[in-house]
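upload23.tsv follows; it contains TSV, C-alpha atoms.
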chain	number	residue	atom	x	y	z
N	1	MET	CA	-15.01	-15.66	-0.99
N	2	ALA	CA	-13.70	-12.27	-1.98
N	3	LYS	CA	-10.58	-11.16	-0.10
N	4	VAL	CA	-7.77	-8.71	-0.72
N	5	ASP	CA	-4.53	-7.85	1.03
N	6	PHE	CA	-3.99	-4.18	1.81
N	7	TRP	CA	-0.23	-3.56	1.95
N	8	TYR	CA	0.71	-0.28	3.57
N	9	GLU	CA	3.73	1.59	4.92
N	10	PHE	CA	3.23	4.08	7.73
N	11	ALA	CA	5.69	6.58	6.29
N	12	SER	CA	3.95	6.56	2.89
N	13	THR	CA	1.85	9.64	2.26
N	14	TYR	CA	-0.69	8.13	-0.14
N	15	SER	CA	-1.15	5.19	2.25
N	16	TYR	CA	-2.84	7.70	4.60
N	17	PRO	CA	-5.97	8.46	2.52
N	18	ALA	CA	-5.98	4.83	1.35
N	19	ALA	CA	-5.97	3.53	4.94
N	20	MET	CA	-8.77	5.91	5.85
N	21	ARG	CA	-10.88	4.86	2.84
N	22	VAL	CA	-10.23	1.17	2.27
N	23	GLU	CA	-12.32	-0.40	5.02
N	24	ALA	CA	-15.57	1.28	4.01
N	25	LEU	CA	-14.92	0.55	0.33
N	26	ALA	CA	-14.28	-3.14	1.03
N	27	ALA	CA	-17.22	-3.50	3.41
N	28	ALA	CA	-19.61	-1.93	0.89
N	29	ARG	CA	-18.53	-4.59	-1.60
N	30	ARG	CA	-18.43	-7.43	0.95
N	31	VAL	CA	-14.74	-7.99	0.33
N	32	GLU	CA	-12.66	-9.24	3.26
N	33	LEU	CA	-9.60	-7.18	4.00
N	34	ASP	CA	-6.24	-8.25	5.41
N	35	TRP	CA	-4.16	-5.33	6.70
N	36	ARG	CA	-0.49	-6.00	5.97
N	37	PRO	CA	1.95	-3.39	7.26
N	38	PHE	CA	5.41	-3.51	5.69
N	39	LEU	CA	8.45	-1.32	5.16
N	40	LEU	CA	9.42	0.34	1.90
N	41	GLY	CA	12.95	0.97	3.18
N	42	PRO	CA	14.37	-2.44	2.16
N	43	LEU	CA	12.67	-2.22	-1.27
N	44	PHE	CA	13.99	1.29	-1.84
N	45	ALA	CA	17.47	0.39	-0.59
N	46	ALA	CA	17.57	-2.49	-3.10
N	47	GLN	CA	17.20	0.05	-5.89
N	48	GLY	CA	19.76	2.43	-4.48
N	49	TRP	CA	17.54	4.90	-2.60
N	50	ARG	CA	18.56	5.89	0.91
N	51	ASP	CA	15.71	8.38	1.34
N	52	SER	CA	12.13	8.86	0.14
N	53	PRO	CA	11.99	9.35	-3.64
N	54	PHE	CA	9.90	12.42	-2.84
N	55	ASN	CA	12.96	13.92	-1.15
N	56	ILE	CA	15.47	12.66	-3.73
N	57	TYR	CA	13.46	14.10	-6.63
N	58	PRO	CA	12.25	17.58	-5.60
N	59	ALA	CA	9.80	18.06	-8.50
N	60	LYS	CA	8.07	14.81	-7.55
N	61	GLY	CA	8.06	15.81	-3.89
N	62	ARG	CA	6.58	19.27	-4.48
N	63	TYR	CA	3.91	17.77	-6.73
N	64	MET	CA	3.09	15.01	-4.25
N	65	TRP	CA	2.49	17.39	-1.34
N	66	ARG	CA	0.22	19.60	-3.46
N	67	ASP	CA	-1.63	16.56	-4.81
N	68	MET	CA	-2.01	15.18	-1.27
N	69	GLN	CA	-3.61	18.50	-0.24
N	70	ARG	CA	-6.17	18.14	-3.00
N	71	VAL	CA	-6.75	14.43	-2.31
N	72	CYS	CA	-7.28	15.05	1.42
N	73	GLU	CA	-9.49	18.11	0.88
N	74	ARG	CA	-11.74	16.10	-1.43
N	75	ILE	CA	-12.46	13.52	1.26
N	76	GLY	CA	-12.36	15.85	4.25
N	77	LEU	CA	-9.13	14.62	5.82
N	78	PRO	CA	-6.78	16.96	7.68
N	79	LEU	CA	-3.24	17.12	6.30
N	80	ALA	CA	-0.11	18.08	8.21
N	81	ARG	CA	3.46	17.52	7.16
N	82	PRO	CA	5.49	15.54	9.71
N	83	ASP	CA	9.01	16.75	10.35
N	84	PRO	CA	11.23	15.02	9.45
N	85	PHE	CA	9.65	13.38	6.44
N	86	PRO	CA	9.68	10.47	6.08
N	87	GLN	CA	9.18	9.38	9.67
N	88	ASN	CA	10.85	6.23	10.94
N	89	SER	CA	8.01	3.72	10.70
N	90	LEU	CA	9.73	0.61	12.05
N	91	PHE	CA	8.30	0.70	15.58
N	92	ALA	CA	4.73	1.45	14.47
N	93	ALA	CA	4.87	-1.32	11.86
N	94	ARG	CA	5.99	-3.83	14.50
N	95	VAL	CA	3.17	-2.82	16.81
N	96	ALA	CA	0.58	-3.00	14.02
N	97	LEU	CA	1.75	-6.43	12.91
N	98	MET	CA	1.48	-7.81	16.42
N	99	LEU	CA	-2.11	-6.67	16.94
N	100	GLU	CA	-5.11	-8.83	16.02
N	101	ALA	CA	-6.99	-7.88	12.86
N	102	PRO	CA	-9.64	-5.37	14.05
N	103	ALA	CA	-7.26	-3.72	16.49
N	104	ARG	CA	-4.59	-3.53	13.79
N	105	ALA	CA	-6.85	-1.60	11.42
N	106	ALA	CA	-7.97	0.83	14.12
N	107	PHE	CA	-4.41	1.32	15.40
N	108	SER	CA	-3.14	1.90	11.85
N	109	ARG	CA	-5.72	4.57	11.12
N	110	GLY	CA	-4.77	6.19	14.42
N	111	VAL	CA	-1.09	6.25	13.46
N	112	TYR	CA	-1.89	7.84	10.09
N	113	LEU	CA	-4.14	10.48	11.62
N	114	ALA	CA	-1.51	11.35	14.23
N	115	GLN	CA	1.25	11.56	11.63
N	116	PHE	CA	-0.38	13.12	8.56
N	117	GLY	CA	-3.43	14.66	10.21
N	118	GLU	CA	-1.56	16.28	13.12
N	119	GLY	CA	2.10	16.08	12.09
N	120	ARG	CA	3.09	14.09	15.18
N	121	PRO	CA	6.15	11.79	15.40
N	122	ILE	CA	5.23	8.11	15.05
N	123	ALA	CA	8.40	6.52	16.40
N	124	GLU	CA	7.64	7.80	19.90
N	125	VAL	CA	5.93	6.00	22.74
N	126	ALA	CA	4.07	9.22	23.59
N	127	THR	CA	2.30	9.01	20.24
N	128	LEU	CA	1.73	5.26	20.07
N	129	ALA	CA	0.78	4.45	23.68
N	130	PRO	CA	-2.52	6.39	23.73
N	131	LEU	CA	-3.54	4.74	20.44
N	132	ILE	CA	-3.02	1.32	22.00
N	133	GLU	CA	-4.85	2.25	25.19
N	134	ALA	CA	-7.78	3.46	23.12
N	135	LEU	CA	-8.12	-0.14	21.94
N	136	GLY	CA	-8.47	-1.33	25.53
N	137	LEU	CA	-5.01	-2.88	25.55
N	138	ASP	CA	-2.10	-2.39	27.91
N	139	ALA	CA	0.31	-0.02	26.17
N	140	ASN	CA	3.50	-1.02	27.98
N	141	GLU	CA	2.96	-4.71	27.50
N	142	THR	CA	1.97	-4.28	23.83
N	143	LEU	CA	4.96	-2.09	22.99
N	144	GLU	CA	7.28	-4.56	24.69
N	145	ARG	CA	5.84	-7.56	22.86
N	146	ALA	CA	6.14	-5.67	19.56
N	147	GLN	CA	9.91	-5.57	20.06
N	148	CYS	CA	10.31	-9.29	20.73
N	149	ALA	CA	12.50	-11.31	18.39
N	150	ALA	CA	9.65	-13.34	16.92
N	151	ASN	CA	7.69	-10.26	15.95
N	152	LYS	CA	10.76	-8.58	14.46
N	153	GLU	CA	11.31	-11.67	12.32
N	154	ARG	CA	7.68	-11.69	11.29
N	155	LEU	CA	7.94	-8.13	9.98
N	156	LYS	CA	11.11	-9.03	8.09
N	157	ALA	CA	9.27	-11.95	6.51
N	158	GLU	CA	6.46	-9.62	5.44
N	159	CYS	CA	8.98	-7.29	3.79
N	160	THR	CA	10.54	-10.26	2.00
N	161	ARG	CA	7.08	-11.29	0.83
N	162	ALA	CA	6.40	-7.76	-0.45
N	163	ALA	CA	9.62	-7.90	-2.47
N	164	GLU	CA	8.69	-11.35	-3.85
N	165	ILE	CA	5.30	-10.08	-4.99
N	166	GLY	CA	7.13	-7.18	-6.58
N	167	LEU	CA	5.23	-4.37	-4.88
N	168	PRO	CA	6.36	-1.17	-6.61
N	169	GLY	CA	5.49	1.06	-3.66
N	170	ALA	CA	2.71	1.65	-1.13
N	171	PRO	CA	-0.16	1.38	-0.69
N	172	CYS	CA	-1.04	-1.71	-2.74
N	173	LEU	CA	-4.09	-3.91	-2.93
N	174	VAL	CA	-3.28	-7.49	-3.92
N	175	THR	CA	-6.19	-9.68	-5.00
N	176	SER	CA	-6.62	-13.42	-4.39
N	177	ASP	CA	-5.35	-14.15	-7.89
N	178	GLY	CA	-2.26	-12.03	-7.38
N	179	GLU	CA	-3.16	-8.83	-9.22
N	180	VAL	CA	-1.39	-5.80	-7.78
N	181	PHE	CA	-3.08	-2.40	-7.68
N	182	TRP	CA	-0.76	0.40	-6.62
N	183	GLY	CA	-1.91	3.62	-5.07
N	184	ASN	CA	-4.80	5.28	-3.32
N	185	ASP	CA	-6.20	5.86	-6.83
N	186	ARG	CA	-6.50	2.11	-7.51
N	187	LEU	CA	-8.42	0.91	-4.41
N	188	GLU	CA	-11.80	0.79	-6.13
N	189	GLU	CA	-10.39	-0.91	-9.22
N	190	GLY	CA	-8.61	-3.55	-7.14
N	191	LEU	CA	-11.76	-4.35	-5.18
N	192	GLU	CA	-13.83	-4.58	-8.37
N	193	TRP	CA	-11.23	-6.94	-9.83
N	194	GLU	CA	-11.50	-9.21	-6.77
N	195	ILE	CA	-15.30	-9.23	-6.94
N	196	ALA	CA	-15.22	-10.18	-10.63
N	197	ARG	CA	-12.73	-12.95	-9.83
N	198	ALA	CA	-14.81	-14.29	-6.94
N	199	SER	CA	-17.98	-14.38	-9.04
N	200	ARG	CA	-16.39	-16.44	-11.81
F	1	MET	CA	-12.88	31.06	-20.73
F	2	ALA	CA	-11.83	27.62	-19.60
F	3	LYS	CA	-8.53	26.41	-21.05
F	4	VAL	CA	-5.91	23.86	-20.04
F	5	ASP	CA	-2.49	22.90	-21.35
F	6	PHE	CA	-1.97	19.22	-22.06
F	7	TRP	CA	1.75	18.47	-21.68
F	8	TYR	CA	2.81	15.16	-23.17
F	9	GLU	CA	5.90	13.19	-24.09
F	10	PHE	CA	5.69	10.72	-26.96
F	11	ALA	CA	7.87	8.11	-25.19
F	12	SER	CA	5.68	8.21	-22.06
F	13	THR	CA	3.40	5.20	-21.74
F	14	TYR	CA	0.62	6.81	-19.71
F	15	SER	CA	0.60	9.75	-22.12
F	16	TYR	CA	-0.85	7.30	-24.68
F	17	PRO	CA	-4.27	6.64	-23.05
F	18	ALA	CA	-4.31	10.28	-21.89
F	19	ALA	CA	-3.77	11.56	-25.44
F	20	MET	CA	-6.50	9.27	-26.74
F	21	ARG	CA	-8.97	10.42	-24.04
F	22	VAL	CA	-8.28	14.07	-23.37
F	23	GLU	CA	-9.90	15.72	-26.38
F	24	ALA	CA	-13.32	14.14	-25.82
F	25	LEU	CA	-13.15	14.86	-22.08
F	26	ALA	CA	-12.29	18.52	-22.68
F	27	ALA	CA	-14.88	18.97	-25.45
F	28	ALA	CA	-17.63	17.49	-23.28
F	29	ARG	CA	-16.81	20.12	-20.65
F	30	ARG	CA	-16.27	22.95	-23.17
F	31	VAL	CA	-12.69	23.39	-22.04
F	32	GLU	CA	-10.19	24.55	-24.65
F	33	LEU	CA	-7.13	22.38	-24.98
F	34	ASP	CA	-3.58	23.35	-25.91
F	35	TRP	CA	-1.43	20.35	-26.91
F	36	ARG	CA	2.13	20.90	-25.69
F	37	PRO	CA	4.63	18.21	-26.64
F	38	PHE	CA	7.83	18.21	-24.62
F	39	LEU	CA	10.72	15.93	-23.69
F	40	LEU	CA	11.16	14.27	-20.32
F	41	GLY	CA	14.82	13.51	-21.11
F	42	PRO	CA	16.18	16.87	-19.90
F	43	LEU	CA	14.03	16.73	-16.73
F	44	PHE	CA	15.15	13.17	-16.00
F	45	ALA	CA	18.80	13.97	-16.76
F	46	ALA	CA	18.64	16.84	-14.26
F	47	GLN	CA	17.80	14.32	-11.53
F	48	GLY	CA	20.45	11.85	-12.60
F	49	TRP	CA	18.45	9.47	-14.77
F	50	ARG	CA	19.89	8.41	-18.10
F	51	ASP	CA	17.05	6.02	-18.92
F	52	SER	CA	13.33	5.65	-18.23
F	53	PRO	CA	12.67	5.18	-14.50
F	54	PHE	CA	10.60	2.17	-15.59
F	55	ASN	CA	13.82	0.57	-16.85
F	56	ILE	CA	16.00	1.77	-13.96
F	57	TYR	CA	13.57	0.40	-11.35
F	58	PRO	CA	12.39	-3.04	-12.55
F	59	ALA	CA	9.55	-3.45	-10.01
F	60	LYS	CA	8.07	-0.14	-11.18
F	61	GLY	CA	8.52	-1.16	-14.81
F	62	ARG	CA	6.85	-4.55	-14.42
F	63	TYR	CA	3.98	-2.97	-12.56
F	64	MET	CA	3.58	-0.17	-15.11
F	65	TRP	CA	3.29	-2.55	-18.09
F	66	ARG	CA	0.69	-4.67	-16.29
F	67	ASP	CA	-1.22	-1.58	-15.21
F	68	MET	CA	-1.07	-0.21	-18.76
F	69	GLN	CA	-2.61	-3.47	-20.01
F	70	ARG	CA	-5.53	-3.02	-17.62
F	71	VAL	CA	-5.88	0.71	-18.38
F	72	CYS	CA	-5.93	0.11	-22.14
F	73	GLU	CA	-8.29	-2.88	-21.92
F	74	ARG	CA	-10.75	-0.80	-19.93
F	75	ILE	CA	-11.04	1.79	-22.68
F	76	GLY	CA	-10.60	-0.54	-25.63
F	77	LEU	CA	-7.15	0.59	-26.74
F	78	PRO	CA	-4.65	-1.84	-28.28
F	79	LEU	CA	-1.34	-2.12	-26.44
F	80	ALA	CA	1.99	-3.19	-27.91
F	81	ARG	CA	5.41	-2.74	-26.38
F	82	PRO	CA	7.82	-0.83	-28.62
F	83	ASP	CA	11.37	-2.17	-28.78
F	84	PRO	CA	13.48	-0.51	-27.59
F	85	PHE	CA	11.57	1.21	-24.82
F	86	PRO	CA	11.64	4.12	-24.44
F	87	GLN	CA	11.67	5.20	-28.07
F	88	ASN	CA	13.61	8.29	-29.10
F	89	SER	CA	10.86	10.89	-29.24
F	90	LEU	CA	12.84	13.95	-30.33
F	91	PHE	CA	11.91	13.89	-34.02
F	92	ALA	CA	8.20	13.25	-33.40
F	93	ALA	CA	8.08	16.03	-30.80
F	94	ARG	CA	9.64	18.50	-33.25
F	95	VAL	CA	7.12	17.56	-35.93
F	96	ALA	CA	4.19	17.85	-33.53
F	97	LEU	CA	5.30	21.25	-32.28
F	98	MET	CA	5.57	22.61	-35.78
F	99	LEU	CA	2.05	21.61	-36.79
F	100	GLU	CA	-0.98	23.86	-36.28
F	101	ALA	CA	-3.30	22.98	-33.41
F	102	PRO	CA	-5.86	20.58	-34.93
F	103	ALA	CA	-3.22	18.82	-37.04
F	104	ARG	CA	-0.96	18.56	-34.00
F	105	ALA	CA	-3.57	16.71	-31.96
F	106	ALA	CA	-4.40	14.30	-34.80
F	107	PHE	CA	-0.72	13.69	-35.58
F	108	SER	CA	0.03	13.09	-31.89
F	109	ARG	CA	-2.71	10.50	-31.53
F	110	GLY	CA	-1.37	8.83	-34.67
F	111	VAL	CA	2.14	8.66	-33.22
F	112	TYR	CA	0.83	7.12	-29.98
F	113	LEU	CA	-1.28	4.53	-31.81
F	114	ALA	CA	1.64	3.57	-34.05
F	115	GLN	CA	4.02	3.27	-31.10
F	116	PHE	CA	1.94	1.78	-28.28
F	117	GLY	CA	-0.91	0.33	-30.33
F	118	GLU	CA	1.29	-1.35	-32.96
F	119	GLY	CA	4.77	-1.29	-31.43
F	120	ARG	CA	6.26	0.68	-34.34
F	121	PRO	CA	9.38	2.89	-34.16
F	122	ILE	CA	8.55	6.58	-33.93
F	123	ALA	CA	11.93	8.06	-34.84
F	124	GLU	CA	11.61	6.80	-38.42
F	125	VAL	CA	10.36	8.67	-41.45
F	126	ALA	CA	8.53	5.49	-42.55
F	127	THR	CA	6.31	5.76	-39.48
F	128	LEU	CA	5.87	9.54	-39.38
F	129	ALA	CA	5.44	10.38	-43.08
F	130	PRO	CA	2.12	8.55	-43.59
F	131	LEU	CA	0.72	10.23	-40.47
F	132	ILE	CA	1.56	13.64	-41.93
F	133	GLU	CA	0.15	12.76	-45.33
F	134	ALA	CA	-3.08	11.65	-43.68
F	135	LEU	CA	-3.45	15.27	-42.56
F	136	GLY	CA	-3.28	16.45	-46.15
F	137	LEU	CA	0.20	17.89	-45.71
F	138	ASP	CA	3.40	17.31	-47.64
F	139	ALA	CA	5.48	14.86	-45.60
F	140	ASN	CA	8.92	15.75	-46.95
F	141	GLU	CA	8.43	19.47	-46.53
F	142	THR	CA	6.94	19.07	-43.06
F	143	LEU	CA	9.71	16.78	-41.80
F	144	GLU	CA	12.32	19.17	-43.17
F	145	ARG	CA	10.75	22.21	-41.54
F	146	ALA	CA	10.52	20.32	-38.25
F	147	GLN	CA	14.32	20.10	-38.23
F	148	CYS	CA	14.92	23.81	-38.82
F	149	ALA	CA	16.86	25.76	-36.22
F	150	ALA	CA	13.91	27.89	-35.13
F	151	ASN	CA	11.72	24.86	-34.44
F	152	LYS	CA	14.51	23.10	-32.55
F	153	GLU	CA	14.85	26.18	-30.36
F	154	ARG	CA	11.12	26.31	-29.84
F	155	LEU	CA	11.08	22.75	-28.50
F	156	LYS	CA	14.00	23.55	-26.20
F	157	ALA	CA	12.07	26.53	-24.88
F	158	GLU	CA	9.05	24.30	-24.22
F	159	CYS	CA	11.25	21.90	-22.23
F	160	THR	CA	12.64	24.82	-20.25
F	161	ARG	CA	9.09	25.98	-19.55
F	162	ALA	CA	8.12	22.46	-18.39
F	163	ALA	CA	11.04	22.50	-15.95
F	164	GLU	CA	10.05	25.98	-14.71
F	165	ILE	CA	6.50	24.83	-14.04
F	166	GLY	CA	7.99	21.86	-12.21
F	167	LEU	CA	6.25	19.11	-14.17
F	168	PRO	CA	7.04	15.89	-12.30
F	169	GLY	CA	6.49	13.67	-15.36
F	170	ALA	CA	4.06	13.17	-18.22
F	171	PRO	CA	1.28	13.54	-19.05
F	172	CYS	CA	0.24	16.65	-17.14
F	173	LEU	CA	-2.73	18.96	-17.36
F	174	VAL	CA	-1.95	22.52	-16.27
F	175	THR	CA	-4.90	24.79	-15.59
F	176	SER	CA	-5.12	28.55	-16.25
F	177	ASP	CA	-4.31	29.24	-12.61
F	178	GLY	CA	-1.25	27.02	-12.71
F	179	GLU	CA	-2.50	23.86	-11.00
F	180	VAL	CA	-0.65	20.77	-12.19
F	181	PHE	CA	-2.43	17.43	-12.54
F	182	TRP	CA	-0.07	14.55	-13.28
F	183	GLY	CA	-1.11	11.37	-14.96
F	184	ASN	CA	-3.79	9.81	-17.09
F	185	ASP	CA	-5.67	9.28	-13.81
F	186	ARG	CA	-5.94	13.03	-13.18
F	187	LEU	CA	-7.38	14.30	-16.49
F	188	GLU	CA	-10.95	14.52	-15.26
F	189	GLU	CA	-9.93	16.18	-12.00
F	190	GLY	CA	-7.79	18.75	-13.82
F	191	LEU	CA	-10.61	19.66	-16.18
F	192	GLU	CA	-13.09	19.96	-13.30
F	193	TRP	CA	-10.63	22.25	-11.50
F	194	GLU	CA	-10.41	24.52	-14.55
F	195	ILE	CA	-14.20	24.66	-14.90
F	196	ALA	CA	-14.57	25.62	-11.23
F	197	ARG	CA	-11.92	28.29	-11.69
F	198	ALA	CA	-13.53	29.70	-14.84
F	199	SER	CA	-16.95	29.89	-13.19
F	200	ARG	CA	-15.70	31.91	-10.22

Could I get this file's structure written as structure tokens?
Amino acid sequence: MAKVDFWYEFASTYSYPAAMRVEALAAARRVELDWRPFLLGPLFAAQGWRDSPFNIYPAKGRYMWRDMQRVCERIGLPLARPDPFPQNSLFAARVALMLEAPARAAFSRGVYLAQFGEGRPIAEVATLAPLIEALGLDANETLERAQCAANKERLKAECTRAAEIGLPGAPCLVTSDGEVFWGNDRLEEGLEWEIARASR
Amino acid sequence: MAKVDFWYEFASTYSYPAAMRVEALAAARRVELDWRPFLLGPLFAAQGWRDSPFNIYPAKGRYMWRDMQRVCERIGLPLARPDPFPQNSLFAARVALMLEAPARAAFSRGVYLAQFGEGRPIAEVATLAPLIEALGLDANETLERAQCAANKERLKAECTRAAEIGLPGAPCLVTSDGEVFWGNDRLEEGLEWEIARASR
């Protein structure tokens, strides 16, 4: 069976077009997809960054926003710049991790569209609650459960796992045989790799 | 007329497949190509880096070398890892800049193949001289002229220009209307942008 892990960080700009594209790309190739939200913060902190590298290095930041405009225009996605950037993604990541698979994917796309499509804050209940209700779930209960100790620990474990794999950033596709494909630009290549592996 | 600038740094890994691909891609689209060697060192130093970011950030470095393997395998390029990495690219950049256009492109591909195809040192006369002779030029005279004050100043001016444009790294394609496309992954997109611009 062909299966890949899609590792994503809500505050990551290129994770937005990737999250909007990956499900259709995987389905077209009959590759199963596991949505794995994580946080880049701990990985960045380990290498001495206390902010997004796109803020620390202005030339990279200016380029990224222009490139994101082109990337989003190409696939017909709206692009707005949340303020501040990056947004605090902890709460949204906890909620996503607690949801069952199909709800998690739909919720995650909703968070990305709110944040990078409309520029809305993603650490706020006012943004997240309607996304949860749209899934037919109780928002208050879901948000509360997302903050329980067990779920917090689960997200920490996912971040530890991301560091163990050696993810260099987000988004990443990781194939069944452990190949890492970094970036919205590598989704197709990662899926093709997994298909070739599964057919061997 | 359609024309793009191809900005490259000899020590940059992804500039290697880009340099090997770009001429055929541009010719197929009838886009004129200006090869512009420059140095990332001054740009990196300005943001506090004293080494390649692929050395400073080990997860990025490990990923990059694995990704380079895949990129090179896909297009049938040999890949060797020069030691040390990054190589000092100052001398090679001066030589390239001093050569006329067609010789510059051929010499540059030769430097990349020697360095990343065979793992050879590119700051040494023993590596560079045969590449110059293969162009039908006198190696001693060429290497000497590359080190003249005027040529040194010309390379500095190119680095200043790269900083003014805001190049975030190498390689980059810059179109006639000033759009920057960063990375081996963006060559095709940059050329298509220039064609669309020229046909307006």

_Applying 8 Å and all atoms listed in the file, which residues near Arg81 of chain F remain after dropping the ones on its own chain fewer than 3 positions away? List them as JSON, numbers by chain._
{"F": [85, 115, 116, 118, 119]}

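Of note, atom CA of Arg74 of chain F and atom CA of Ala134 of chain F are spaced 27.9 Å apart.
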
Correct to one decimal, the distance atom CA of Ile122 of chain N-atom CA of Phe181 of chain N is 26.4 Å

* Could you state the separation of atom CA of Arg50 of chain N and atom CA of Gly61 of chain F in Å, given to one decimal place? ->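 The value is 19.9 Å.
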
What box, with edges along x, y and z, holds each listed atom of segment 124-137 of chain F when 4 Å is added on every side, and can you state its centre and edge lengths in Å to one decimal, as lines of an AutoDock Vina configuration file?
center_x = 4.1
center_y = 11.7
center_z = -42.3
size_x = 23.1
size_y = 20.4
size_z = 15.7

Using all atoms listed in the file: which of N:Asp83, N:Ala24, N:Pro37, N:Leu135 has the shortest distance to Phe6 of chain N: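 Ranked by minimum distance to Phe6 of chain N, first place goes to N:Pro37.
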
Using only C-alpha atoms, determine which residues lie at most 12 Å from Ala103 of chain F, disregarding the query and same-chain residues fewer than 6 positions distant; provide the list as a tab-separated table (two decimals) with C-alpha atoms, keeping the file's coordinate frame.
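The file below, selection.tsv, is the result:
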chain	number	residue	atom	x	y	z
F	35	TRP	CA	-1.43	20.35	-26.91
F	95	VAL	CA	7.12	17.56	-35.93
F	96	ALA	CA	4.19	17.85	-33.53
F	97	LEU	CA	5.30	21.25	-32.28
F	109	ARG	CA	-2.71	10.50	-31.53
F	110	GLY	CA	-1.37	8.83	-34.67
F	131	LEU	CA	0.72	10.23	-40.47
F	132	ILE	CA	1.56	13.64	-41.93
F	133	GLU	CA	0.15	12.76	-45.33
F	134	ALA	CA	-3.08	11.65	-43.68
F	135	LEU	CA	-3.45	15.27	-42.56
F	136	GLY	CA	-3.28	16.45	-46.15
F	137	LEU	CA	0.20	17.89	-45.71
F	142	THR	CA	6.94	19.07	-43.06

_Just want the 10 Å neighbourhood of Val125 of chain N, counted on only C-alpha atoms, with same-chain residues fewer than 3 positions away dropped. Output as a list in words._
Phe91, Ala92, Pro121, Ile122, Leu128, Ala129, Pro130, Leu131, Ala139, Asn140 and Leu143 of chain N

Store the residues of this selection in a file with C-alpha atoms, as a compact mmCIF listing (two decimals), in the frame of the given file.
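part.txt, freshly written:
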# COMPACT_ATOMS: atom_id res chain seq x y z
CA PHE N 91 8.30 0.70 15.58
CA ALA N 92 4.73 1.45 14.47
CA PRO N 121 6.15 11.79 15.40
CA ILE N 122 5.23 8.11 15.05
CA LEU N 128 1.73 5.26 20.07
CA ALA N 129 0.78 4.45 23.68
CA PRO N 130 -2.52 6.39 23.73
CA LEU N 131 -3.54 4.74 20.44
CA ALA N 139 0.31 -0.02 26.17
CA ASN N 140 3.50 -1.02 27.98
CA LEU N 143 4.96 -2.09 22.99

Report as a tab-separated table the residues of chain F within 12 Å of chain N, each with its shortest atom pair and distance in Å (one decimal), using all atoms listed in the file, ordered by chain and increasing residue number.
residue	atom	partner	partner_atom	distance
F:Leu43	CA	N:Ala59	CA	9.3
F:Phe44	CA	N:Tyr57	CA	9.6
F:Ala45	CA	N:Tyr57	CA	11.5
F:Ala46	CA	N:Tyr57	CA	9.6
F:Gln47	CA	N:Tyr57	CA	6.5
F:Gly48	CA	N:Tyr57	CA	9.5
F:Trp49	CA	N:Tyr57	CA	10.6
F:Pro53	CA	N:Gln47	CA	11.0
F:Phe54	CA	N:Pro168	CA	10.5
F:Asn55	CA	N:Gln47	CA	11.5
F:Ile56	CA	N:Gln47	CA	8.3
F:Tyr57	CA	N:Gln47	CA	6.6
F:Pro58	CA	N:Pro168	CA	8.7
F:Ala59	CA	N:Pro168	CA	5.2
F:Lys60	CA	N:Pro168	CA	5.0
F:Gly61	CA	N:Pro168	CA	8.5
F:Arg62	CA	N:Gly166	CA	8.3
F:Tyr63	CA	N:Pro168	CA	6.7
F:Met64	CA	N:Pro168	CA	9.0
F:Trp65	CA	N:Val180	CA	11.8
F:Arg66	CA	N:Val180	CA	8.8
F:Asp67	CA	N:Phe181	CA	7.8
F:Met68	CA	N:Phe181	CA	11.5
F:Arg70	CA	N:Glu189	CA	9.9
F:Val71	CA	N:Glu189	CA	10.3
F:Arg74	CA	N:Glu189	CA	10.7
F:Ala162	CA	N:Ala59	CA	11.0
F:Ala163	CA	N:Ala59	CA	8.8
F:Glu164	CA	N:Ala59	CA	10.1
F:Ile165	CA	N:Ala59	CA	9.3
F:Gly166	CA	N:Ala59	CA	5.6
F:Leu167	CA	N:Ala59	CA	6.8
F:Pro168	CA	N:Lys60	CA	5.0
F:Gly169	CA	N:Lys60	CA	8.0
F:Ala170	CA	N:Lys60	CA	11.5
F:Cys172	CA	N:Tyr63	CA	11.1
F:Gly178	CA	N:Arg66	CA	11.9
F:Glu179	CA	N:Arg66	CA	9.1
F:Val180	CA	N:Tyr63	CA	7.7
F:Phe181	CA	N:Asp67	CA	7.8
F:Trp182	CA	N:Tyr63	CA	8.3
F:Gly183	CA	N:Asp185	CA	11.1
F:Asn184	CA	N:Asp185	CA	11.3
F:Asp185	CA	N:Asp185	CA	7.8
F:Arg186	CA	N:Asp185	CA	9.6
F:Glu189	CA	N:Arg70	CA	9.9
F:Gly190	CA	N:Arg70	CA	11.0
F:Trp193	CA	N:Arg70	CA	10.4

List the neighbours of segment 11-18 of chain F out to 7 Å using all atoms listed in the file; skip same-chain residues closer than 6 positions along the sequence, and give me the result as a PyMOL selection string. chain F and resi 72+86-89+112+170-171+183-184

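Across N:Ala2, N:Cys159, N:Ala28, N:Met98, the tightest approach to Gln147 of chain N is made by N:Met98 when counting only C-alpha atoms.
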